[in-house]
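**Q** Before anything else, here's the structure in question.
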Amino acid sequence: MEQTMAISPLVMDISARFQEPDWLRQRRQEAWQTYTGMEAPRLEKTDLSRRSWEISSLTNTEKSISVSTQKVLSKLQGQPVVYIQDGQVVSTFVPDSLTRAGVLLSDLHSAVVEHGDLVKQYLNSVVSSEESKWAALNAAVWVNGVFLYVPDGVQVDSTIHYIYEFTGNAAGGAPHSLLVAGVGSHISFVEVLLAGDNLQFGKVHSDVLEVVAHSGAHVTVSCLTQYRKGPTHFTVRRARVDKDASMDWVFGDVGDGFTVGLLESDLQGDGARSTLHGFGLGFGRQHLDFTASMLHRGRYSESDIVMHGALRGRAYSLYRTSTHIFKHAVGAGSEQADRMVMLEPHARADAIPMLLIDENDVQRCGHAASVGRLDEEQVYYLESRGISRREATRMIVWGHIAPVVEAMPSAPVQELANELIDRELA
Amino acid sequence: MAVPIFVIRQLHVAVEGREIVRGLDLTVKGGEIHVIMGPNGTGKSTLASAVMGHPAYQVVSGQAQLDGQDLLSMSVDERARAGLFLAMQYPAEVPGVSNANFLRTAVNSRLGEGHEMPVIKFHRMLMEKMKKLSIDPSFADRYLNEGFSGGEKKRNEILQMGVLNPRIAILDEIDSGLDIDALKIVAQAVNNLRSPEVGFLIITHYQRLLQHIVPDYVHVMMQGRIVRSGGRELAERLEAQGYDWLKQELGIEDETVGAPA
């Protein structure tokens with residue numbers, strides 16, 4: 001049920017629990033008002049009218065580390081990692097070398113306490129609480145997530161891992177993460193969002209990841225997610241990319257959930273560039289309404305989007321790839337490619353490429369999209385060498401997805417991705 | 001193992017409802033090289049694809065057996081595992097799947113679960129076979145046929161044949177699009193494999209491949225069936241004189257499928 005009261009007990013509870021400063025308490029309250037004041041939007045391909053917005057305050061203290069998480073963690077000995085389950089911090093490890101270099105890595109609540117000014121400066125500066133009902137909800141009730149701050153000129157060699165696990169114990173969730181890459185810094189960050197098999201139905205999960213890539217920064221953010229059946233998932237991941245900075249996204253979801261997602265680079269600076277390589281493997285009764293978007297505001301900004309989808313069962317996926325070249329973004333260039341393959345007769349897919357171009361002087365802007373069944377000529381060819389149809393299908397789908405997995409800057413996460421994918425293609 | 005035997009009896013094959021192969025009989029045994037020649041449009045490639053089990057080709061009637069097993073009741077992969085190999089005229093490109101990975105999966109599919117070839121052993125074997133075919137080692141890591149030239153694709157087909165050790169190998173126009181050097185390499189590969197353990201069925205337009213591979217039997221296909229069989233001299237005569245004399249002898253005006261006999 002939607003709550004209409006001006007002051008939410010949920011927000012008060014969270015603020016009190018984490019003894020938050022007034023500025024944050026106030027921001028949460030304002031975001032809550034924005035949230036309650038907004039209608040659930042009408043999306044072209046997704047009916048939200050019957051989805052619940054119920055969320056609890058995430059006080060679960062029962063922790064049971066999943067086998068997958070254990071596996072990943074065991075291979076990350078000595079590496080920077082933050083592991084959170086259902087909003088509770090389970091473990092954080094920051095190597096001394098990072099601390100000495102001035103890198104700040106912690107959960108977001110700790111960052112509010114220890115580096116309140118930085119959090120205050122950047123929180124919701126990239127994903128505004130006003131932009132959507134779910135962004136407002138997240139801004140109002142976020143509980144944990146990761147905070148990473150890399151000072152100017154610092155190159156972090158090891159990949160930073162952030163594992164968020166949500167389980168059947170959580171009644172919805174709202175993690176919020178904030179990455180700030182200083183001028184000329186280099187970071188590579190991997191987020192793993194793991195979900196159990198028994199997530200609660202009738203709840204809402206709204207996660208937000210904000211990235212600020214200051215001038216000349218090189219940032220790679222890789223996300224491996226499991227948006228599983230149960231709650232309604234909303235996810236917004238956006239980077240603000242300043243002058244001559246680069247932002248590379250690698251995204252992969254293996255899920256059967258009901259999800260509305262946005263992955264976006266806001267190329268504000270001149271010469272800013274971004275790539276986005278993604279895959280989705282949908283199964284069960286998945287409904288995925290996913291937008292990959294590049295906003296070109298800076299001159300000579302460049303972007304590339306490549307998305308691969310494979311669908312089984314009764315899964316439905318919509319991939320919207322959007323490039324918006326704003327007026328004055330002279331010399332901007334962008335390319336998009338989508339390829340979606342339906343592996344079973346009841347799976348469905350839509351690809352919607354969108355090019356919004358307000359500037360005349362653009363160097364390149366193209367798109368290619370294909371939606372279809374498995375290529376029978378390919379299957380036949382592999383079968384003719386003695387490979388079973390099932391194995392042939394697996395190989396062909398892998399062929400599309402593998403380059404994306406291989407781009408994830410973490411061997412343990414690649415292995416996990418392989419495992420999740422193989423489980424669904426077996 | 002016994003000498004392979006591949007038998008086709010009164011095979012009729014239709015594509016999109018149109019009958020292309022119309023009553024074809026052929027027996028190939030291990031150690032033999034058979035060549036099917038014939039002008040375009042006479043059903044040669046249709047025969048090859050139908051026997052392999054391409055979904056677009058419907059066998060209307062007839063039989064095809066390998067070592068006494070009914071091929072037509074098997075799925076494509078079962079046919080391959082039974083020992084049938086088809087070097088395709090237009091092999092598919094499969095992006096993202098490396099040649100080596102593909103070949104190893106294929107080899108292991110034939111060996112069966114629990115009998116897989118160790119990776120190192122496979123790799124060594126692959127490198128050796130590639131060397132014999134003058135194939136650059138980088139081939140192993142390239143995606144299956146993606147961006148391969150016509151000649152590279154053909155050599156890759158031959159490589160697969162060498163790796164998979166089929167009992168019956170059908171080569172569908174393996175010589176088309178090959179320059180003379182590549183042609184020699186392909187011919188050499190076939191000659192090297194030649195043994196009582198494998199029978200070959202080579203489909204070609206041209207006699208030139210037969211300057212390097214000496215066939216035991218030459219068959220001419222017209223109007224969807226074999227109209228004349230002979231030895232190597234038949235191919236030589238066709239090369240020298242074309243098909244007109246044969247058409248005249250047989251009273252055929254139009255050799256393509258669907259023309260009146």
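Naming scheme: A, B, ... for chains in displayed order of the structure tokens; residues 1 onward per chain; ligands 1 onward as shown.
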Identify every residue of chain A that has at least one atom within 9 Å of any atom of chain B, counting only C-alpha atoms, and report the result as a ChimeraX atom specification.
**A** /A:376-389,391,395-403
**Q** Counting only C-alpha atoms, what is within 12 Å of Ser74 in chain A, bar same-chain residues fewer than 5 positions away, as an mmCIF file with N, CA, C and O atoms, in the first residue's frame?
**A**
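Wrote it out as part.cif, contents follow:
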```cif
data_model
loop_
_atom_site.group_PDB
_atom_site.id
_atom_site.type_symbol
_atom_site.label_atom_id
_atom_site.label_comp_id
_atom_site.auth_asym_id
_atom_site.auth_seq_id
_atom_site.Cartn_x
_atom_site.Cartn_y
_atom_site.Cartn_z
ATOM 1 N N ILE A 65 25.481 -17.059 4.462
ATOM 2 C CA ILE A 65 26.226 -16.780 3.240
ATOM 3 C C ILE A 65 25.994 -17.902 2.236
ATOM 4 O O ILE A 65 26.133 -19.075 2.570
ATOM 5 N N VAL A 67 26.462 -20.323 -1.069
ATOM 6 C CA VAL A 67 27.619 -21.049 -1.599
ATOM 7 C C VAL A 67 28.329 -20.215 -2.667
ATOM 8 O O VAL A 67 29.557 -20.133 -2.685
ATOM 9 N N SER A 68 27.538 -19.584 -3.525
ATOM 10 C CA SER A 68 28.128 -18.770 -4.600
ATOM 11 C C SER A 68 28.993 -17.658 -4.024
ATOM 12 O O SER A 68 30.113 -17.419 -4.482
ATOM 13 N N THR A 69 28.456 -16.972 -3.017
ATOM 14 C CA THR A 69 29.195 -15.873 -2.417
ATOM 15 C C THR A 69 30.477 -16.375 -1.766
ATOM 16 O O THR A 69 31.543 -15.773 -1.915
ATOM 17 N N GLN A 79 42.027 -8.968 -1.336
ATOM 18 C CA GLN A 79 41.551 -7.981 -2.319
ATOM 19 C C GLN A 79 40.487 -7.097 -1.681
ATOM 20 O O GLN A 79 39.777 -7.535 -0.793
ATOM 21 N N VAL A 81 37.164 -5.637 -0.886
ATOM 22 C CA VAL A 81 35.810 -6.152 -1.093
ATOM 23 C C VAL A 81 34.863 -5.674 0.008
ATOM 24 O O VAL A 81 35.248 -5.553 1.169
ATOM 25 N N PRO A 412 37.124 -14.538 -10.522
ATOM 26 C CA PRO A 412 36.079 -15.237 -9.760
ATOM 27 C C PRO A 412 34.669 -14.880 -10.220
ATOM 28 O O PRO A 412 33.772 -15.735 -10.218
ATOM 29 N N VAL A 413 34.478 -13.625 -10.622
ATOM 30 C CA VAL A 413 33.141 -13.220 -11.073
ATOM 31 C C VAL A 413 32.849 -13.800 -12.458
ATOM 32 O O VAL A 413 31.723 -14.195 -12.762
#
```
**Q** Would you return as a PyMOL selection string the members of range 211-383 of chain A that DSSP assigns to helix (DSSP H, G or I) on this structure's backbone?
**A** chain A and resi 376-383
**Q** Would you list the contacts of Leu311 in chain A as a list in words, taking every protein, DNA or RNA residue within 9 Å and counting only C-alpha atoms, but skipping same-chain residues closer than 3 positions in sequence?
**A**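 The filter keeps Gly280, Leu281, Gly282, Phe283, Gln286, Arg314, Ala315, Tyr316, Ser317, Met340, Val341, Met342, Leu343, Glu344, Ala347, Arg348 and Ala349 of chain A.
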**Q** Keeping only C-alpha atoms, take the residues you just selected and write them out as a short mmCIF file (atom, residue, chain, number, x, y, z; two decimals), in the first residue's frame.
**A**
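Below is the file again-v8.cif, written as the result:
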```
data_model
loop_
_atom_site.label_atom_id
_atom_site.label_comp_id
_atom_site.auth_asym_id
_atom_site.auth_seq_id
_atom_site.Cartn_x
_atom_site.Cartn_y
_atom_site.Cartn_z
CA GLY A 280 20.90 -10.89 -20.48
CA LEU A 281 19.83 -14.45 -20.06
CA GLY A 282 16.17 -14.61 -19.23
CA PHE A 283 14.24 -17.66 -18.18
CA GLN A 286 10.92 -13.13 -16.72
CA ARG A 314 8.29 -17.78 -21.16
CA ALA A 315 10.75 -15.00 -20.65
CA TYR A 316 10.10 -11.61 -22.16
CA SER A 317 12.87 -9.08 -22.56
CA MET A 340 18.47 -11.07 -29.14
CA VAL A 341 17.79 -14.69 -29.64
CA MET A 342 14.78 -16.64 -28.48
CA LEU A 343 15.74 -20.19 -27.66
CA GLU A 344 12.29 -21.57 -26.99
CA ALA A 347 10.13 -16.75 -25.21
CA ARG A 348 9.69 -13.25 -26.58
CA ALA A 349 11.99 -10.35 -27.19
#
```
**Q** Just checking: using only C-alpha atoms, which residue out of B:Ala14, B:Ala189, B:Ile226, B:Met117 ends up closest to Lys129 in chain B?
**A**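 Between B:Ala14, B:Ala189, B:Ile226, B:Met117, the residue approaching Lys129 in chain B most closely is B:Ala189.
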**Q** Quick one: which range 175-244 of chain A residues come within 10 Å of range 290-296 of chain A, and what is the nearest atom pair for each with the distance in Å to one decimal, counting only C-alpha atoms, rows ordered by chain and ascending number, as JSON lines?
**A**
```
{"residue": "A:Phe234", "atom": "CA", "partner": "A:Phe290", "partner_atom": "CA", "distance": 9.9}
{"residue": "A:Thr235", "atom": "CA", "partner": "A:Phe290", "partner_atom": "CA", "distance": 9.3}
{"residue": "A:Val236", "atom": "CA", "partner": "A:Thr291", "partner_atom": "CA", "distance": 9.6}
{"residue": "A:Arg237", "atom": "CA", "partner": "A:Ala292", "partner_atom": "CA", "distance": 9.8}
{"residue": "A:Arg238", "atom": "CA", "partner": "A:Ser293", "partner_atom": "CA", "distance": 9.1}
{"residue": "A:Ala239", "atom": "CA", "partner": "A:Met294", "partner_atom": "CA", "distance": 9.8}
{"residue": "A:Arg240", "atom": "CA", "partner": "A:Leu295", "partner_atom": "CA", "distance": 9.6}
{"residue": "A:Val241", "atom": "CA", "partner": "A:Leu295", "partner_atom": "CA", "distance": 9.9}
```
**Q** Applying 12 Å and only C-alpha atoms, which residues near Asp181 in chain B remain after dropping the ones on its own chain fewer than 3 positions away? List them as an MDAnalysis selection string.
**A** chainID B and resid 133:134 151 155 175 177:178 184:188 209 212
**Q** Create the file for the chosen residues now, containing N, CA and C atoms and written as a PDB file, in the first residue's frame.
**A**
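Produced file again.pdb, reproduced below:
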```pdb
ATOM      1  N   LEU B 133      48.149 -29.558 -42.736  1.00  0.00           N
ATOM      2  CA  LEU B 133      47.297 -28.891 -43.718  1.00  0.00           C
ATOM      3  C   LEU B 133      47.777 -27.472 -44.013  1.00  0.00           C
ATOM      4  N   SER B 134      48.966 -27.144 -43.545  1.00  0.00           N
ATOM      5  CA  SER B 134      49.511 -25.787 -43.707  1.00  0.00           C
ATOM      6  C   SER B 134      48.531 -24.737 -43.205  1.00  0.00           C
ATOM      7  N   GLY B 151      38.701 -20.125 -49.175  1.00  0.00           N
ATOM      8  CA  GLY B 151      39.709 -21.176 -49.105  1.00  0.00           C
ATOM      9  C   GLY B 151      39.967 -21.632 -47.673  1.00  0.00           C
ATOM     10  N   ARG B 155      39.538 -25.407 -46.064  1.00  0.00           N
ATOM     11  CA  ARG B 155      40.622 -26.085 -45.347  1.00  0.00           C
ATOM     12  C   ARG B 155      40.183 -26.459 -43.939  1.00  0.00           C
ATOM     13  N   ASP B 175      36.398 -28.384 -53.731  1.00  0.00           N
ATOM     14  CA  ASP B 175      37.391 -27.747 -54.607  1.00  0.00           C
ATOM     15  C   ASP B 175      36.967 -26.388 -55.128  1.00  0.00           C
ATOM     16  N   GLY B 177      36.364 -22.622 -55.421  1.00  0.00           N
ATOM     17  CA  GLY B 177      36.935 -21.453 -54.750  1.00  0.00           C
ATOM     18  C   GLY B 177      38.331 -21.676 -54.205  1.00  0.00           C
ATOM     19  N   LEU B 178      38.955 -22.793 -54.532  1.00  0.00           N
ATOM     20  CA  LEU B 178      40.316 -23.025 -54.043  1.00  0.00           C
ATOM     21  C   LEU B 178      41.329 -22.714 -55.132  1.00  0.00           C
ATOM     22  N   LYS B 184      45.818 -28.580 -53.854  1.00  0.00           N
ATOM     23  CA  LYS B 184      46.799 -29.652 -53.638  1.00  0.00           C
ATOM     24  C   LYS B 184      46.810 -30.092 -52.170  1.00  0.00           C
ATOM     25  N   ILE B 185      46.703 -29.112 -51.289  1.00  0.00           N
ATOM     26  CA  ILE B 185      46.720 -29.425 -49.852  1.00  0.00           C
ATOM     27  C   ILE B 185      45.508 -30.284 -49.483  1.00  0.00           C
ATOM     28  N   VAL B 186      44.363 -29.876 -50.017  1.00  0.00           N
ATOM     29  CA  VAL B 186      43.138 -30.617 -49.727  1.00  0.00           C
ATOM     30  C   VAL B 186      43.250 -32.040 -50.279  1.00  0.00           C
ATOM     31  N   ALA B 187      43.736 -32.144 -51.505  1.00  0.00           N
ATOM     32  CA  ALA B 187      43.872 -33.463 -52.133  1.00  0.00           C
ATOM     33  C   ALA B 187      44.838 -34.338 -51.336  1.00  0.00           C
ATOM     34  N   GLN B 188      45.916 -33.700 -50.899  1.00  0.00           N
ATOM     35  CA  GLN B 188      46.908 -34.412 -50.109  1.00  0.00           C
ATOM     36  C   GLN B 188      46.288 -34.967 -48.829  1.00  0.00           C
ATOM     37  N   LEU B 209      40.273 -31.624 -59.516  1.00  0.00           N
ATOM     38  CA  LEU B 209      40.607 -32.236 -58.240  1.00  0.00           C
ATOM     39  C   LEU B 209      41.093 -33.667 -58.458  1.00  0.00           C
ATOM     40  N   HIS B 212      44.619 -34.897 -58.715  1.00  0.00           N
ATOM     41  CA  HIS B 212      45.391 -35.110 -57.490  1.00  0.00           C
ATOM     42  C   HIS B 212      44.840 -36.249 -56.630  1.00  0.00           C
TER      43      HIS B 212
END
```
**Q** Might you pull out every residue within 10 Å of Ser370 in chain A, with only C-alpha atoms counted and same-chain residues fewer than 4 positions away left off, and present them as a list in words?
**A**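 Listed by chain and then number, they are His308, Ala337, Asp338, Arg339, Met340, Val341, Ala349, Asp350, Ala351 and Ile352 of chain A.
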**Q** Those same residues - C-alpha atoms - I'd like them written as a PDB file, in the first residue's frame.
**A**
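Below you can see part_34.pdb, which holds the result:
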```pdb
ATOM      1  CA  HIS A 308      23.132  -9.575 -26.297  1.00  0.00           C
ATOM      2  CA  ALA A 337      24.024  -3.035 -31.612  1.00  0.00           C
ATOM      3  CA  ASP A 338      21.452  -5.384 -30.124  1.00  0.00           C
ATOM      4  CA  ARG A 339      21.126  -9.003 -30.792  1.00  0.00           C
ATOM      5  CA  MET A 340      18.469 -11.067 -29.140  1.00  0.00           C
ATOM      6  CA  VAL A 341      17.793 -14.691 -29.637  1.00  0.00           C
ATOM      7  CA  ALA A 349      11.989 -10.353 -27.189  1.00  0.00           C
ATOM      8  CA  ASP A 350      11.818  -6.786 -28.384  1.00  0.00           C
ATOM      9  CA  ALA A 351      14.669  -4.553 -29.383  1.00  0.00           C
ATOM     10  CA  ILE A 352      13.986  -0.853 -29.636  1.00  0.00           C
TER      11      ILE A 352
END
```
**Q** Of the residues A:Ala217, A:Ile163, A:Met12, A:Val94, which is the one nearest to Ala195 in chain A, using only C-alpha atoms?
**A**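 The closest residue to Ala195 in chain A is A:Ile163.
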**Q** Let's see if you can do this: from backbone DSSP, list all strand (DSSP E) residues in range 133-209 of chain B, as a list in words.
**A**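 Result set for range 133-209 of chain B (strand (DSSP E)): Tyr143, Leu144, Ile168, Ala169, Ile170, Leu171, Asp172, Gly199, Phe200, Leu201, Ile202 and Ile203 of chain B.
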**Q** Take the residues from that selection and write them out as an mmCIF file, in the first residue's frame, keeping all heavy atoms.
**A**
```
data_model
loop_
_atom_site.group_PDB
_atom_site.id
_atom_site.type_symbol
_atom_site.label_atom_id
_atom_site.label_comp_id
_atom_site.auth_asym_id
_atom_site.auth_seq_id
_atom_site.Cartn_x
_atom_site.Cartn_y
_atom_site.Cartn_z
ATOM 1 N N TYR B 143 37.352 -17.493 -34.235
ATOM 2 C CA TYR B 143 35.974 -17.969 -34.142
ATOM 3 C C TYR B 143 35.623 -18.775 -35.382
ATOM 4 O O TYR B 143 36.031 -18.450 -36.494
ATOM 5 C CB TYR B 143 35.015 -16.789 -33.966
ATOM 6 C CG TYR B 143 35.147 -16.106 -32.630
ATOM 7 C CD1 TYR B 143 34.836 -14.768 -32.486
ATOM 8 C CD2 TYR B 143 35.594 -16.806 -31.506
ATOM 9 C CE1 TYR B 143 34.957 -14.126 -31.253
ATOM 10 C CE2 TYR B 143 35.715 -16.189 -30.281
ATOM 11 C CZ TYR B 143 35.401 -14.850 -30.155
ATOM 12 O OH TYR B 143 35.512 -14.227 -28.951
ATOM 13 N N LEU B 144 34.842 -19.789 -35.136
ATOM 14 C CA LEU B 144 34.510 -20.782 -36.143
ATOM 15 C C LEU B 144 34.019 -20.155 -37.449
ATOM 16 O O LEU B 144 32.912 -19.628 -37.517
ATOM 17 C CB LEU B 144 33.445 -21.722 -35.555
ATOM 18 C CG LEU B 144 32.961 -22.893 -36.384
ATOM 19 C CD1 LEU B 144 34.100 -23.705 -36.944
ATOM 20 C CD2 LEU B 144 32.046 -23.761 -35.543
ATOM 21 N N ILE B 168 32.651 -42.558 -43.121
ATOM 22 C CA ILE B 168 32.296 -42.147 -44.481
ATOM 23 C C ILE B 168 32.381 -40.621 -44.548
ATOM 24 O O ILE B 168 31.763 -39.933 -43.730
ATOM 25 C CB ILE B 168 30.856 -42.588 -44.843
ATOM 26 C CG1 ILE B 168 30.765 -44.113 -44.942
ATOM 27 C CG2 ILE B 168 30.386 -41.922 -46.148
ATOM 28 C CD1 ILE B 168 31.534 -44.751 -46.102
ATOM 29 N N ALA B 169 33.172 -40.127 -45.485
ATOM 30 C CA ALA B 169 33.322 -38.676 -45.622
ATOM 31 C C ALA B 169 32.759 -38.235 -46.967
ATOM 32 O O ALA B 169 33.151 -38.754 -48.010
ATOM 33 C CB ALA B 169 34.791 -38.290 -45.514
ATOM 34 N N ILE B 170 31.830 -37.287 -46.903
ATOM 35 C CA ILE B 170 31.284 -36.709 -48.131
ATOM 36 C C ILE B 170 31.864 -35.310 -48.263
ATOM 37 O O ILE B 170 31.779 -34.507 -47.341
ATOM 38 C CB ILE B 170 29.738 -36.636 -48.063
ATOM 39 C CG1 ILE B 170 29.150 -38.017 -47.753
ATOM 40 C CG2 ILE B 170 29.174 -36.072 -49.360
ATOM 41 C CD1 ILE B 170 27.646 -38.005 -47.501
ATOM 42 N N LEU B 171 32.477 -35.042 -49.388
ATOM 43 C CA LEU B 171 33.055 -33.713 -49.621
ATOM 44 C C LEU B 171 32.238 -33.021 -50.702
ATOM 45 O O LEU B 171 32.256 -33.429 -51.857
ATOM 46 C CB LEU B 171 34.523 -33.828 -50.057
ATOM 47 C CG LEU B 171 35.438 -34.737 -49.240
ATOM 48 C CD1 LEU B 171 36.872 -34.670 -49.774
ATOM 49 C CD2 LEU B 171 35.415 -34.361 -47.769
ATOM 50 N N ASP B 172 31.502 -31.991 -50.276
ATOM 51 C CA ASP B 172 30.602 -31.321 -51.208
ATOM 52 C C ASP B 172 31.299 -30.105 -51.814
ATOM 53 O O ASP B 172 31.423 -29.077 -51.176
ATOM 54 C CB ASP B 172 29.325 -30.909 -50.462
ATOM 55 C CG ASP B 172 28.273 -30.350 -51.411
ATOM 56 O OD1 ASP B 172 28.473 -30.418 -52.645
ATOM 57 O OD2 ASP B 172 27.250 -29.842 -50.908
ATOM 58 N N GLY B 199 35.580 -44.461 -46.259
ATOM 59 C CA GLY B 199 35.150 -44.352 -47.650
ATOM 60 C C GLY B 199 34.842 -42.902 -47.970
ATOM 61 O O GLY B 199 34.360 -42.161 -47.122
ATOM 62 N N PHE B 200 35.158 -42.509 -49.214
ATOM 63 C CA PHE B 200 34.939 -41.114 -49.604
ATOM 64 C C PHE B 200 33.886 -41.004 -50.696
ATOM 65 O O PHE B 200 33.832 -41.828 -51.613
ATOM 66 C CB PHE B 200 36.235 -40.503 -50.159
ATOM 67 C CG PHE B 200 37.258 -40.210 -49.101
ATOM 68 C CD1 PHE B 200 38.245 -41.140 -48.799
ATOM 69 C CD2 PHE B 200 37.233 -39.000 -48.416
ATOM 70 C CE1 PHE B 200 39.185 -40.865 -47.828
ATOM 71 C CE2 PHE B 200 38.179 -38.720 -47.445
ATOM 72 C CZ PHE B 200 39.159 -39.652 -47.145
ATOM 73 N N LEU B 201 33.091 -39.956 -50.564
ATOM 74 C CA LEU B 201 32.185 -39.581 -51.639
ATOM 75 C C LEU B 201 32.460 -38.116 -51.942
ATOM 76 O O LEU B 201 32.206 -37.243 -51.112
ATOM 77 C CB LEU B 201 30.731 -39.786 -51.193
ATOM 78 C CG LEU B 201 29.659 -39.427 -52.219
ATOM 79 C CD1 LEU B 201 29.811 -40.239 -53.493
ATOM 80 C CD2 LEU B 201 28.269 -39.650 -51.624
ATOM 81 N N ILE B 202 33.028 -37.877 -53.113
ATOM 82 C CA ILE B 202 33.447 -36.525 -53.457
ATOM 83 C C ILE B 202 32.533 -35.969 -54.536
ATOM 84 O O ILE B 202 32.366 -36.578 -55.590
ATOM 85 C CB ILE B 202 34.919 -36.526 -53.945
ATOM 86 C CG1 ILE B 202 35.834 -37.021 -52.811
ATOM 87 C CG2 ILE B 202 35.340 -35.142 -54.412
ATOM 88 C CD1 ILE B 202 37.287 -37.214 -53.220
ATOM 89 N N ILE B 203 31.943 -34.841 -54.220
ATOM 90 C CA ILE B 203 31.037 -34.202 -55.169
ATOM 91 C C ILE B 203 31.761 -33.027 -55.802
ATOM 92 O O ILE B 203 32.309 -32.177 -55.096
ATOM 93 C CB ILE B 203 29.770 -33.711 -54.444
ATOM 94 C CG1 ILE B 203 28.966 -34.920 -53.948
ATOM 95 C CG2 ILE B 203 28.931 -32.827 -55.352
ATOM 96 C CD1 ILE B 203 27.853 -34.575 -53.008
#
```
